[in-house]
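Student: Structure incoming, see below.
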Protein chains: 2
Amino acid sequence: MDVITREELKSASFSQLQNDCEALRKEIFDTVSVRGGHLASNLGVVELTVALHRVFCFPEDKIVFDVGHQCYAHKLLSDRAERFSTLRSRGGISGFPKRSESPYDSYETGHAGTAISAALGIAKARDLKGEDFCVIALVGDGSFNNGLIYEALNSLKILKTRILIVLNDNGMSISPTVGGTHEVLSELKEGNGPLADVALFERYGLHYMGVYNGNDFSELLPAMEQAKSLLSTQSVLLHVTTRKGQGYAFCEQCPDRTHGVSPNRPGKEYSAALGEELNALAEKDPRIVAVTAAMTDSLGLRPFFNAFPERAFDVGICEEHACVLSAALATEGMHPYYAIYSTFLQRAYDEVIHDVCGQNLPVTFCIDRAGITGADGETHQGVFDLSYLAPVPNLTIAIPSNISEFRAMLRLSASYPAPLAIRYPREGEEGEFLPVEIGKFAILHSNTTDTIIYAAGERCIKLAASVLSAAEAQGTGFTLVNARFLKPIDRDFILSRKEKYVITIEDNVCIGGLGDAVARVLRGSDKVIQSLGIDDTFLPHGTVQELAEECGLNKKNLLSCLLDCHAR
Amino acid sequence: MDVITREELKSASFSQLQNDCEALRKEIFDTVSVRGGHLASNLGVVELTVALHRVFCFPEDKIVFDVGHQCYAHKLLSDRAERFSTLRSRGGISGFPKRSESPYDSYETGHAGTAISAALGIAKARDLKGEDFCVIALVGDGSFNNGLIYEALNSLKILKTRILIVLNDNGMSISPTVGGTHEVLSELKEGNGPLADVALFERYGLHYMGVYNGNDFSELLPAMEQAKSLLSTQSVLLHVTTRKGQGYAFCEQCPDRTHGVSPNRPGKEYSAALGEELNALAEKDPRIVAVTAAMTDSLGLRPFFNAFPERAFDVGICEEHACVLSAALATEGMHPYYAIYSTFLQRAYDEVIHDVCGQNLPVTFCIDRAGITGADGETHQGVFDLSYLAPVPNLTIAIPSNISEFRAMLRLSASYPAPLAIRYPREGEEGEFLPVEIGKFAILHSNTTDTIIYAAGERCIKLAASVLSAAEAQGTGFTLVNARFLKPIDRDFILSRKEKYVITIEDNVCIGGLGDAVARVLRGSDKVIQSLGIDDTFLPHGTVQELAEECGLNKKNLLSCLLDCHAR
């Protein structure tokens, strides 16, 4: 793409800038149509990004993108226009800021709420080094629900430094933004009560400025210039309203459904089964409630929210609060289902331990997007959950092998009296119905050789099944086990097996996962154990297949493990 | 102790109540003098607790104590006066709310900021069940720095329920409370700017009421009664100022130093060495900065804060923000030391992964109070850190065997270019100086038998050393190794050893710790591995020695492991 140069940007007229915005938007739309990615958020923030690049001097000035998925225009305007068509593909441009990719990316993000803390750290380091540049945090209004933002705001005065917070207010946080802070922002936009609300921000040491038509350069640019000049003496909050999906009617009308776009139609999703089963269970059991941190649709909870609005809670991007809320609901006899992506559950780790498992409460964690998730890259892979959940006392950890088994686990969960985590990938197949008993493995294929494979989750079981005939043809057959509970692990089963060679496969880092758990049971035996899983490294972006292939979760590797057993 | 009954409390005169408060304070002071515990915070909250018990009907009404360490008067006034002298001792009354202990304890806490979320969950469950009782969150002003509080406030309107938040404002959060929110509260107390600040709380759906002399019943009780009556139609914030340490001059004057009290003089503390070494390093290296979440003194950072005030950051009880801030400081060339208790690092788990290790930044985590910590019980044991840190890529994990080795690790950390976690207990001995190389174990004692013990950390190494002569006397001697890096683990060393019997000992849960790491290296070998560590359960309160003994980290168990090896 031919994008406007940095020099042209500085001198262009408003109407030229508007044309450049349309060109940027077209490039974003066309690329996302092919590569998938975040659409509506990036379309809405084009004018804002152009204004930032016009007024500030990157990379000398530093910008931190909160969540990071709205950085496409920034990437096009910095040094990545030529490679932008490779967006989110293996080896191509990341969909999130990456320090290794460009000096224009100051700080890496992916999870919500970190930008103000990060900007403060960068600004403080600048002060300590005696340097002089501007530091900007670009934050969506959805993140203003997140507690980290308030922790950072509260320390503005402690840190005695200066940053510019650009609050990109589009009224959405994947789902529409909700709650008290949203009301504060709405009142400001509508010109009601600004005195009190402006005073709030000023109490934290921020000079408040509002631009309530942020897609219009004639309003936006003068305000941005003024913010920059104020920044030499104080911190500034520039509240800019934008339209998510700007310029594309469908996106403007349905910003939630066009927040993230997949290039291919997804297959059958586990989340759809969650919605169906939870509704069926909740019909019969008034104790069942559902909790989400701003992900109603992508988690499959829309049917529940429609059918049981009184028992469905979207608290905004607040993974920790959602977890404590779930625990507390359970203390009074409710049965909360807290649905969340694997990577975001990391945010609530202390609350999983301290509030849910510490009190041994019947909260069911529905952990979606577990395992390798693909194109969103490092910050979105769900490959740590088995490891960080395994050491938590009182927690049962289930790993369904197909959607049908996921349904069975959900039905079983309804009467389960203790904390339960069910972790599953985005896509899968309905598959065969398998009766489930807590803590019990299931044999999927028997073979009289001396090799047994314990595989956890649909992807790994399919991988093992896919080499079965090749393995049997070359005399390296195996018994295949659906290792569907990491905890309690099926000790009796594992100890009862006679096979000398044990292979484990999991869609999780090897450290602390299924392999270690099986090996722990087999301590003191003479079994030979090999484990396939994800190496001790952050997985970048790419397709799920590419990443699985690269990290060794592939047929070749598994066959060579099998040959290795038989060669001993 | 003879405490006032529930009935007497309801009808007592103000002066009688004041006498009862003095009796409660004496009981608290005397018990804490013997048992240790939280002193100043409990002394300050006596009148408030008496008022709550007078106005509300517990346990029908529910109260959630934020952090939980200020519940002593509540315990004395509910059903635990007779057993109160057993406070914090094994099998005795817990220093924190415990559901298993009494129906008066509605929700268990220990870490800051959860109370409003919990109260909302309890209240929402009440509404769904069609019941009618009052739900109260008692929150200190220190917690109002924590992000969870804002996540909960923000969802008050979403959840459409009613709670009473009692904000116990004593201006302290172990260290004095800092930051913007503190200023808001101060302005309210001093009668300046209440319009804007009250409006802030009202925006979140809270009716604001202030009692600015909360140790005086004539002000407190009428306000509490009014709050209760308002609660039938709306949520209320009752802002009560109290004096931390009330009634005991030394505590009033030094609330930080009397926040937590130990019955015995502690031995040599690792934190003191942190302070000394960090100051020496920082003299030479201007990149070194220190970050804490409201724990300056207990972490040993006071000398650093005194010597380098510009490079020392206490951001309040904000473990997550402190972690992101550290990461960002490192992106600009600083070398942050983020000191934190093991149990509180759970709060920043996502930021450890996403911000520090994801960007592979040179942040040094100084993880104090690791392992069994004793009398604070379940919520304060530091026994999960090895397990949850091990799966995080890019992170080096060091476990010093004595204070001298801790110093060596700190000196080494100054030039270490990547994330480094050093985890250590509160107390230890200076010990012998041992040169340290990243990822290298050290032999502490050689023996020609076929048994080797890998021990991590001072407590476990001392345990192994303590059985050495007994073991050698009975012909079950062993080589003792200081397993001082969990990651990278010393593969070469482990693989080079000929001993057939391998024992690991760690002051961490067995799942995911040193035992699993050593076993992973030894996969495919014919070694027989036994692991001593903490079982898969939450450790209650008791002395460190009692708990270590109970959970199997004891001489008897280790000797029996050794005999077991030799019997094979």
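The way I read the labels, and the way they are meant: chains A, B, ... in the order of the structure tokens, residue 1 as the first residue of every chain, and ligand 1 as the first ligand shown, with later ones counted on from there.
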Can you list, as a PyMOL selection string, every residue of region 78-151 of chain B that DSSP puts in alpha helix (DSSP H)?

Tutor: chain B and resi 115-129+147-151

Student: List as an MDAnalysis selection string the protein and nucleic acid residues near Leu167 (chain B), meaning an atom at most 9 Å away when only C-alpha atoms are counted, but skip any in the same chain fewer than 2 places from it.

Tutor: chainID B and resid 137:141 144 165 169 237:241

Student: Near region 309-321 of chain A, within 7 Å and counting only C-alpha atoms, which residues show up once chain neighbours fewer than 3 positions away are dropped, as a PDB file with C-alpha atoms, in the first residue's frame?

Tutor:
```pdb
ATOM      1  CA  GLY A 142     -13.968  -0.608  27.758  1.00  0.00           C
ATOM      2  CA  SER A 143     -10.669  -0.754  29.619  1.00  0.00           C
ATOM      3  CA  ASN A 145     -13.882  -0.787  33.657  1.00  0.00           C
ATOM      4  CA  ASN A 146     -10.670  -2.629  34.428  1.00  0.00           C
ATOM      5  CA  GLY A 147      -9.136  -2.224  37.846  1.00  0.00           C
ATOM      6  CA  THR A 177     -19.409  -0.976  27.766  1.00  0.00           C
ATOM      7  CA  VAL A 178     -21.352  -1.137  30.994  1.00  0.00           C
ATOM      8  CA  VAL A 289     -26.041 -18.223  37.055  1.00  0.00           C
ATOM      9  CA  ALA A 290     -23.564 -17.153  34.356  1.00  0.00           C
ATOM     10  CA  VAL A 291     -20.762 -14.631  34.711  1.00  0.00           C
ATOM     11  CA  THR A 292     -18.607 -13.076  31.991  1.00  0.00           C
ATOM     12  CA  ALA A 293     -16.063 -10.297  31.691  1.00  0.00           C
ATOM     13  CA  ALA A 294     -17.362  -8.571  28.537  1.00  0.00           C
ATOM     14  CA  PHE A 304     -28.361 -17.631  28.426  1.00  0.00           C
ATOM     15  CA  PHE A 305     -28.431 -13.835  28.663  1.00  0.00           C
ATOM     16  CA  ASN A 306     -31.581 -13.821  26.558  1.00  0.00           C
ATOM     17  CA  VAL A 324     -14.826 -13.027  43.289  1.00  0.00           C
ATOM     18  CA  LEU A 325     -18.454 -12.330  42.390  1.00  0.00           C
ATOM     19  CA  LEU A 345      -8.067 -16.427  33.408  1.00  0.00           C
ATOM     20  CA  ARG A 347      -5.776 -12.263  35.370  1.00  0.00           C
ATOM     21  CA  ALA A 348      -7.936 -13.939  37.981  1.00  0.00           C
ATOM     22  CA  GLU A 351      -8.999 -15.155  42.950  1.00  0.00           C
TER      23      GLU A 351
ATOM     24  CA  SER B 117     -17.175  -7.876  44.871  1.00  0.00           C
ATOM     25  CA  LEU B 148     -10.643  -4.759  42.284  1.00  0.00           C
ATOM     26  CA  GLU B 151     -14.192  -3.114  39.197  1.00  0.00           C
ATOM     27  CA  ALA B 152     -16.776  -3.831  41.882  1.00  0.00           C
ATOM     28  CA  SER B 155     -20.693  -2.986  38.526  1.00  0.00           C
ATOM     29  CA  ILE B 158     -25.066  -3.442  36.493  1.00  0.00           C
TER      30      ILE B 158
END
```

Student: Pick from A:Gln253, A:Thr379, A:Thr373, A:Thr476: nearest to chain B, with only C-alpha atoms counted?

Tutor: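 Of A:Gln253, A:Thr379, A:Thr373, A:Thr476, the one nearest chain B is A:Thr379, counting only C-alpha atoms.
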
Student: Quick one: DSSP strand (DSSP E) residues in region 388-558 of chain A, as a PyMOL selection string?

Tutor: chain A and resi 396-398+420-423+442-445+451-455+479-482+485-487+501-509+528-534

Student: Include N, CA and C atoms and write out the residues we just selected as an mmCIF file, in the first residue's frame.

Tutor:
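In the end it all went to selection_23.cif:
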```cif
data_model
loop_
_atom_site.group_PDB
_atom_site.id
_atom_site.type_symbol
_atom_site.label_atom_id
_atom_site.label_comp_id
_atom_site.auth_asym_id
_atom_site.auth_seq_id
_atom_site.Cartn_x
_atom_site.Cartn_y
_atom_site.Cartn_z
ATOM 1 N N THR A 396 -10.931 -29.429 40.478
ATOM 2 C CA THR A 396 -10.991 -30.523 39.512
ATOM 3 C C THR A 396 -10.808 -29.929 38.115
ATOM 4 N N ILE A 397 -9.986 -30.584 37.302
ATOM 5 C CA ILE A 397 -9.676 -30.042 35.978
ATOM 6 C C ILE A 397 -10.047 -31.064 34.910
ATOM 7 N N ALA A 398 -11.012 -30.704 34.073
ATOM 8 C CA ALA A 398 -11.514 -31.607 33.036
ATOM 9 C C ALA A 398 -11.147 -31.089 31.649
ATOM 10 N N LEU A 420 -14.649 -26.571 39.720
ATOM 11 C CA LEU A 420 -14.430 -27.412 38.543
ATOM 12 C C LEU A 420 -13.999 -26.522 37.384
ATOM 13 N N ALA A 421 -12.913 -26.894 36.733
ATOM 14 C CA ALA A 421 -12.460 -26.171 35.538
ATOM 15 C C ALA A 421 -12.598 -27.104 34.336
ATOM 16 N N ILE A 422 -13.287 -26.631 33.304
ATOM 17 C CA ILE A 422 -13.373 -27.400 32.065
ATOM 18 C C ILE A 422 -12.671 -26.570 31.000
ATOM 19 N N ARG A 423 -11.621 -27.110 30.398
ATOM 20 C CA ARG A 423 -10.864 -26.314 29.416
ATOM 21 C C ARG A 423 -10.993 -26.947 28.042
ATOM 22 N N ALA A 442 -10.680 -42.721 29.806
ATOM 23 C CA ALA A 442 -11.435 -43.657 28.962
ATOM 24 C C ALA A 442 -10.524 -44.170 27.854
ATOM 25 N N ILE A 443 -10.607 -45.467 27.603
ATOM 26 C CA ILE A 443 -9.811 -46.048 26.510
ATOM 27 C C ILE A 443 -10.553 -45.805 25.189
ATOM 28 N N LEU A 444 -9.833 -45.258 24.229
ATOM 29 C CA LEU A 444 -10.442 -44.986 22.918
ATOM 30 C C LEU A 444 -10.072 -46.060 21.911
ATOM 31 N N HIS A 445 -8.915 -46.656 22.101
ATOM 32 C CA HIS A 445 -8.459 -47.688 21.169
ATOM 33 C C HIS A 445 -7.524 -48.618 21.922
ATOM 34 N N THR A 451 2.853 -50.176 24.324
ATOM 35 C CA THR A 451 2.882 -48.718 24.319
ATOM 36 C C THR A 451 1.483 -48.158 24.578
ATOM 37 N N ILE A 452 1.415 -47.141 25.426
ATOM 38 C CA ILE A 452 0.130 -46.491 25.713
ATOM 39 C C ILE A 452 0.302 -44.988 25.545
ATOM 40 N N ILE A 453 -0.679 -44.375 24.915
ATOM 41 C CA ILE A 453 -0.652 -42.916 24.751
ATOM 42 C C ILE A 453 -1.774 -42.302 25.567
ATOM 43 N N TYR A 454 -1.415 -41.358 26.432
ATOM 44 C CA TYR A 454 -2.398 -40.550 27.146
ATOM 45 C C TYR A 454 -2.493 -39.205 26.434
ATOM 46 N N ALA A 455 -3.648 -38.946 25.845
ATOM 47 C CA ALA A 455 -3.812 -37.684 25.121
ATOM 48 C C ALA A 455 -4.918 -36.878 25.781
ATOM 49 N N THR A 479 -2.142 -48.367 22.583
ATOM 50 C CA THR A 479 -3.443 -48.137 23.197
ATOM 51 C C THR A 479 -3.589 -46.633 23.388
ATOM 52 N N LEU A 480 -4.763 -46.120 23.007
ATOM 53 C CA LEU A 480 -4.985 -44.666 23.097
ATOM 54 C C LEU A 480 -5.993 -44.368 24.205
ATOM 55 N N VAL A 481 -5.579 -43.481 25.109
ATOM 56 C CA VAL A 481 -6.419 -43.147 26.257
ATOM 57 C C VAL A 481 -6.805 -41.670 26.229
ATOM 58 N N ASN A 482 -8.070 -41.424 26.476
ATOM 59 C CA ASN A 482 -8.589 -40.073 26.617
ATOM 60 C C ASN A 482 -8.325 -39.616 28.058
ATOM 61 N N PHE A 485 -9.217 -36.026 32.629
ATOM 62 C CA PHE A 485 -9.098 -35.278 33.897
ATOM 63 C C PHE A 485 -7.634 -35.138 34.249
ATOM 64 N N LEU A 486 -7.180 -33.904 34.306
ATOM 65 C CA LEU A 486 -5.813 -33.695 34.787
ATOM 66 C C LEU A 486 -5.789 -33.854 36.299
ATOM 67 N N LYS A 487 -6.931 -33.557 36.911
ATOM 68 C CA LYS A 487 -6.987 -33.564 38.376
ATOM 69 C C LYS A 487 -8.415 -33.782 38.812
ATOM 70 N N TYR A 501 5.946 -48.529 27.775
ATOM 71 C CA TYR A 501 6.206 -47.232 27.150
ATOM 72 C C TYR A 501 4.976 -46.347 27.243
ATOM 73 N N VAL A 502 5.188 -45.168 27.768
ATOM 74 C CA VAL A 502 4.092 -44.239 28.007
ATOM 75 C C VAL A 502 4.386 -42.942 27.261
ATOM 76 N N ILE A 503 3.437 -42.534 26.449
ATOM 77 C CA ILE A 503 3.579 -41.237 25.764
ATOM 78 C C ILE A 503 2.409 -40.353 26.202
ATOM 79 N N THR A 504 2.704 -39.107 26.534
ATOM 80 C CA THR A 504 1.624 -38.163 26.845
ATOM 81 C C THR A 504 1.626 -37.071 25.778
ATOM 82 N N ILE A 505 0.437 -36.600 25.437
ATOM 83 C CA ILE A 505 0.314 -35.497 24.471
ATOM 84 C C ILE A 505 -0.667 -34.481 25.013
ATOM 85 N N GLU A 506 -0.270 -33.226 25.001
ATOM 86 C CA GLU A 506 -1.155 -32.175 25.495
ATOM 87 C C GLU A 506 -0.914 -30.879 24.734
ATOM 88 N N ASP A 507 -1.956 -30.096 24.687
ATOM 89 C CA ASP A 507 -1.984 -28.808 23.993
ATOM 90 C C ASP A 507 -1.711 -27.715 25.032
ATOM 91 N N ASN A 508 -0.601 -27.827 25.715
ATOM 92 C CA ASN A 508 -0.253 -26.983 26.866
ATOM 93 C C ASN A 508 1.277 -27.054 26.960
ATOM 94 N N VAL A 509 1.881 -26.081 27.662
ATOM 95 C CA VAL A 509 3.323 -26.204 27.848
ATOM 96 C C VAL A 509 3.626 -27.507 28.593
ATOM 97 N N VAL A 528 8.933 -46.093 30.797
ATOM 98 C CA VAL A 528 9.665 -45.091 30.034
ATOM 99 C C VAL A 528 8.636 -44.087 29.495
ATOM 100 N N ILE A 529 8.794 -42.849 29.893
ATOM 101 C CA ILE A 529 7.771 -41.838 29.591
ATOM 102 C C ILE A 529 8.320 -40.791 28.635
ATOM 103 N N GLN A 530 7.568 -40.518 27.588
ATOM 104 C CA GLN A 530 7.915 -39.409 26.699
ATOM 105 C C GLN A 530 6.714 -38.457 26.661
ATOM 106 N N SER A 531 6.979 -37.155 26.612
ATOM 107 C CA SER A 531 5.876 -36.193 26.625
ATOM 108 C C SER A 531 5.952 -35.256 25.432
ATOM 109 N N LEU A 532 4.831 -35.146 24.749
ATOM 110 C CA LEU A 532 4.713 -34.156 23.680
ATOM 111 C C LEU A 532 3.847 -33.015 24.180
ATOM 112 N N GLY A 533 4.301 -31.813 23.945
ATOM 113 C CA GLY A 533 3.530 -30.644 24.350
ATOM 114 C C GLY A 533 4.272 -29.435 23.848
ATOM 115 N N ILE A 534 3.948 -28.288 24.390
ATOM 116 C CA ILE A 534 4.538 -27.053 23.886
ATOM 117 C C ILE A 534 5.801 -26.741 24.673
#
```

Student: CA of Glu269 (chain B) and CA of Ser94 (chain B), how far apart in Å?

Tutor: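 Separation of CA of Ser94 (chain B) and CA of Glu269 (chain B): 24.7 Å.
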
Student: Looking at A:Ser15, A:Thr86, A:Thr343, A:Ser446, which one is nearest to chain B, with distances taken over only C-alpha atoms?

Tutor: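 Comparing A:Ser15, A:Thr86, A:Thr343, A:Ser446 against chain B, the winner is A:Thr343.
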
Student: Considering only C-alpha atoms, return as an NGL selection string whatever protein or nucleic-acid residues lie within 6 Å of Leu164 (chain A), sequence-local ones (same chain, fewer than 3 positions apart) excluded.

Tutor: :A and (136 or 235-236)

Student: Considering only C-alpha atoms, return as a list in words whatever protein or nucleic-acid residues lie within 12 Å of Asp297 (chain A), sequence-local ones (same chain, fewer than 3 positions apart) excluded.

Tutor: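 What passes the distance filter is Ser173, Ile174, Ser175, Pro176, Asp256, Arg257, Thr258, His259, Gly260, Glu269, Ser271, Ala272, Leu274, Gly275, Thr292, Ala293, Ala294, Gly300, Leu301, Arg302, Pro303, Phe304, Phe305, Asn306, Asp314, Ala339 and Ile340 of chain A.
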
Student: Next, the residues of the selection above should be written as a CSV table (one decimal), in the first residue's frame with N, CA and C atoms.

Tutor:
```csv
chain,number,residue,atom,x,y,z
A,173,SER,N,-16.8,-2.5,24.7
A,173,SER,CA,-15.7,-3.2,25.1
A,173,SER,C,-15.9,-4.7,24.6
A,174,ILE,N,-15.9,-4.9,23.3
A,174,ILE,CA,-16.3,-6.1,22.6
A,174,ILE,C,-17.9,-6.1,22.7
A,175,SER,N,-18.4,-6.4,23.9
A,175,SER,CA,-19.8,-6.1,24.2
A,175,SER,C,-19.9,-4.6,24.5
A,176,PRO,N,-21.1,-4.0,24.5
A,176,PRO,CA,-21.2,-2.6,24.9
A,176,PRO,C,-20.7,-2.4,26.3
A,256,ASP,N,-20.1,-5.1,17.7
A,256,ASP,CA,-19.7,-6.3,18.5
A,256,ASP,C,-19.4,-7.5,17.6
A,257,ARG,N,-20.3,-7.7,16.6
A,257,ARG,CA,-20.1,-8.8,15.7
A,257,ARG,C,-19.0,-8.6,14.8
A,258,THR,N,-18.5,-7.4,14.6
A,258,THR,CA,-17.4,-7.1,13.7
A,258,THR,C,-16.1,-6.7,14.4
A,259,HIS,N,-16.1,-6.9,15.8
A,259,HIS,CA,-15.0,-6.6,16.6
A,259,HIS,C,-13.8,-7.5,16.1
A,260,GLY,N,-14.0,-8.8,16.1
A,260,GLY,CA,-13.0,-9.7,15.5
A,260,GLY,C,-13.6,-10.4,14.4
A,269,GLU,N,-18.4,-24.8,17.1
A,269,GLU,CA,-17.7,-24.2,18.3
A,269,GLU,C,-18.2,-24.8,19.6
A,271,SER,N,-18.3,-23.2,22.2
A,271,SER,CA,-19.1,-22.1,22.9
A,271,SER,C,-20.6,-22.3,22.6
A,272,ALA,N,-20.9,-22.8,21.4
A,272,ALA,CA,-22.3,-23.0,21.1
A,272,ALA,C,-22.9,-24.0,22.0
A,274,LEU,N,-21.9,-24.7,24.9
A,274,LEU,CA,-22.0,-24.1,26.3
A,274,LEU,C,-23.3,-23.4,26.4
A,275,GLY,N,-23.6,-22.6,25.4
A,275,GLY,CA,-24.9,-21.9,25.4
A,275,GLY,C,-26.1,-22.9,25.5
A,292,THR,N,-19.6,-13.3,33.0
A,292,THR,CA,-18.6,-13.1,32.0
A,292,THR,C,-18.0,-11.7,32.2
A,293,ALA,N,-16.8,-11.6,31.7
A,293,ALA,CA,-16.1,-10.3,31.7
A,293,ALA,C,-16.1,-9.8,30.3
A,294,ALA,N,-17.2,-9.3,29.8
A,294,ALA,CA,-17.4,-8.6,28.5
A,294,ALA,C,-17.2,-9.5,27.3
A,300,GLY,N,-20.4,-17.8,23.9
A,300,GLY,CA,-21.6,-18.6,23.6
A,300,GLY,C,-22.7,-18.3,24.6
A,301,LEU,N,-22.6,-17.3,25.4
A,301,LEU,CA,-23.6,-17.0,26.5
A,301,LEU,C,-24.8,-16.2,26.1
A,302,ARG,N,-24.8,-15.8,24.8
A,302,ARG,CA,-26.0,-15.0,24.4
A,302,ARG,C,-27.3,-15.7,24.7
A,303,PRO,N,-27.5,-16.9,24.4
A,303,PRO,CA,-28.8,-17.6,24.7
A,303,PRO,C,-29.1,-17.5,26.1
A,304,PHE,N,-28.1,-17.7,27.0
A,304,PHE,CA,-28.4,-17.6,28.4
A,304,PHE,C,-28.8,-16.2,28.8
A,305,PHE,N,-28.1,-15.2,28.3
A,305,PHE,CA,-28.4,-13.8,28.7
A,305,PHE,C,-29.8,-13.5,28.2
A,306,ASN,N,-30.2,-14.1,27.0
A,306,ASN,CA,-31.6,-13.8,26.6
A,306,ASN,C,-32.6,-14.5,27.4
A,314,ASP,N,-22.7,-9.7,33.0
A,314,ASP,CA,-21.6,-9.2,32.3
A,314,ASP,C,-21.1,-8.0,33.0
A,339,ALA,N,-17.5,-18.1,32.6
A,339,ALA,CA,-16.9,-18.5,31.3
A,339,ALA,C,-15.9,-17.4,30.9
A,340,ILE,N,-14.7,-17.9,30.4
A,340,ILE,CA,-13.6,-17.0,30.2
A,340,ILE,C,-12.6,-17.6,29.3
```

Student: Go through B:Ser33, B:Ser326, B:Gln246, B:Ser232 and flag the residue nearest chain A, using only C-alpha atoms for the distances.

Tutor: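 Counting only C-alpha atoms, the residue closest to chain A is B:Ser326.
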
Student: For Arg520 (chain A), find every residue with an atom within 10 Å (counting only C-alpha atoms), except residues of its own chain fewer than 6 positions away, and show them as a list in words.

Tutor: Arg491 and Leu514 of chain A; Cys510, Ile511, Gly512, Gly515, Asp516, Ala519, Arg520, Ile529, Gln530 and Ser531 of chain B

Student: Selection from above, N, CA and C atoms, as a PDB file, in the first residue's frame, can you write it?

Tutor:
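This is the output file part_35.pdb:
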```
ATOM      1  N   ARG A 491      -5.212 -42.193  38.836  1.00  0.00           N
ATOM      2  CA  ARG A 491      -4.084 -42.984  39.365  1.00  0.00           C
ATOM      3  C   ARG A 491      -4.295 -44.475  39.164  1.00  0.00           C
ATOM      4  N   LEU A 514       0.068 -32.358  31.736  1.00  0.00           N
ATOM      5  CA  LEU A 514      -0.319 -33.766  31.825  1.00  0.00           C
ATOM      6  C   LEU A 514       0.886 -34.691  31.944  1.00  0.00           C
TER       7      LEU A 514
ATOM      8  N   CYS B 510       3.945 -30.073  45.995  1.00  0.00           N
ATOM      9  CA  CYS B 510       4.665 -31.039  45.160  1.00  0.00           C
ATOM     10  C   CYS B 510       4.298 -30.892  43.686  1.00  0.00           C
ATOM     11  N   ILE B 511       3.031 -30.587  43.423  1.00  0.00           N
ATOM     12  CA  ILE B 511       2.581 -30.503  42.033  1.00  0.00           C
ATOM     13  C   ILE B 511       3.250 -29.317  41.347  1.00  0.00           C
ATOM     14  N   GLY B 512       4.089 -29.602  40.360  1.00  0.00           N
ATOM     15  CA  GLY B 512       4.674 -28.540  39.548  1.00  0.00           C
ATOM     16  C   GLY B 512       5.935 -27.914  40.097  1.00  0.00           C
ATOM     17  N   GLY B 515      10.423 -31.308  42.429  1.00  0.00           N
ATOM     18  CA  GLY B 515      10.358 -32.753  42.209  1.00  0.00           C
ATOM     19  C   GLY B 515       9.982 -33.068  40.770  1.00  0.00           C
ATOM     20  N   ASP B 516       8.972 -32.383  40.273  1.00  0.00           N
ATOM     21  CA  ASP B 516       8.552 -32.617  38.890  1.00  0.00           C
ATOM     22  C   ASP B 516       9.639 -32.197  37.905  1.00  0.00           C
ATOM     23  N   ALA B 519      12.389 -34.812  37.949  1.00  0.00           N
ATOM     24  CA  ALA B 519      11.859 -36.025  37.318  1.00  0.00           C
ATOM     25  C   ALA B 519      11.783 -35.849  35.803  1.00  0.00           C
ATOM     26  N   ARG B 520      11.464 -34.657  35.354  1.00  0.00           N
ATOM     27  CA  ARG B 520      11.368 -34.393  33.910  1.00  0.00           C
ATOM     28  C   ARG B 520      12.734 -34.601  33.246  1.00  0.00           C
ATOM     29  N   ILE B 529      12.777 -41.991  41.977  1.00  0.00           N
ATOM     30  CA  ILE B 529      12.653 -40.624  42.488  1.00  0.00           C
ATOM     31  C   ILE B 529      11.557 -40.549  43.546  1.00  0.00           C
ATOM     32  N   GLN B 530      11.895 -39.941  44.669  1.00  0.00           N
ATOM     33  CA  GLN B 530      10.879 -39.645  45.688  1.00  0.00           C
ATOM     34  C   GLN B 530      10.902 -38.141  45.957  1.00  0.00           C
ATOM     35  N   SER B 531       9.715 -37.572  46.172  1.00  0.00           N
ATOM     36  CA  SER B 531       9.654 -36.121  46.377  1.00  0.00           C
ATOM     37  C   SER B 531       8.968 -35.775  47.684  1.00  0.00           C
TER      38      SER B 531
END
```

Student: Please measure the separation of CA of Glu405 (chain B) and CA of Leu434 (chain B), giving the value in Å to one decimal.

Tutor: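 Here the two named atoms are 5.7 Å from each other.
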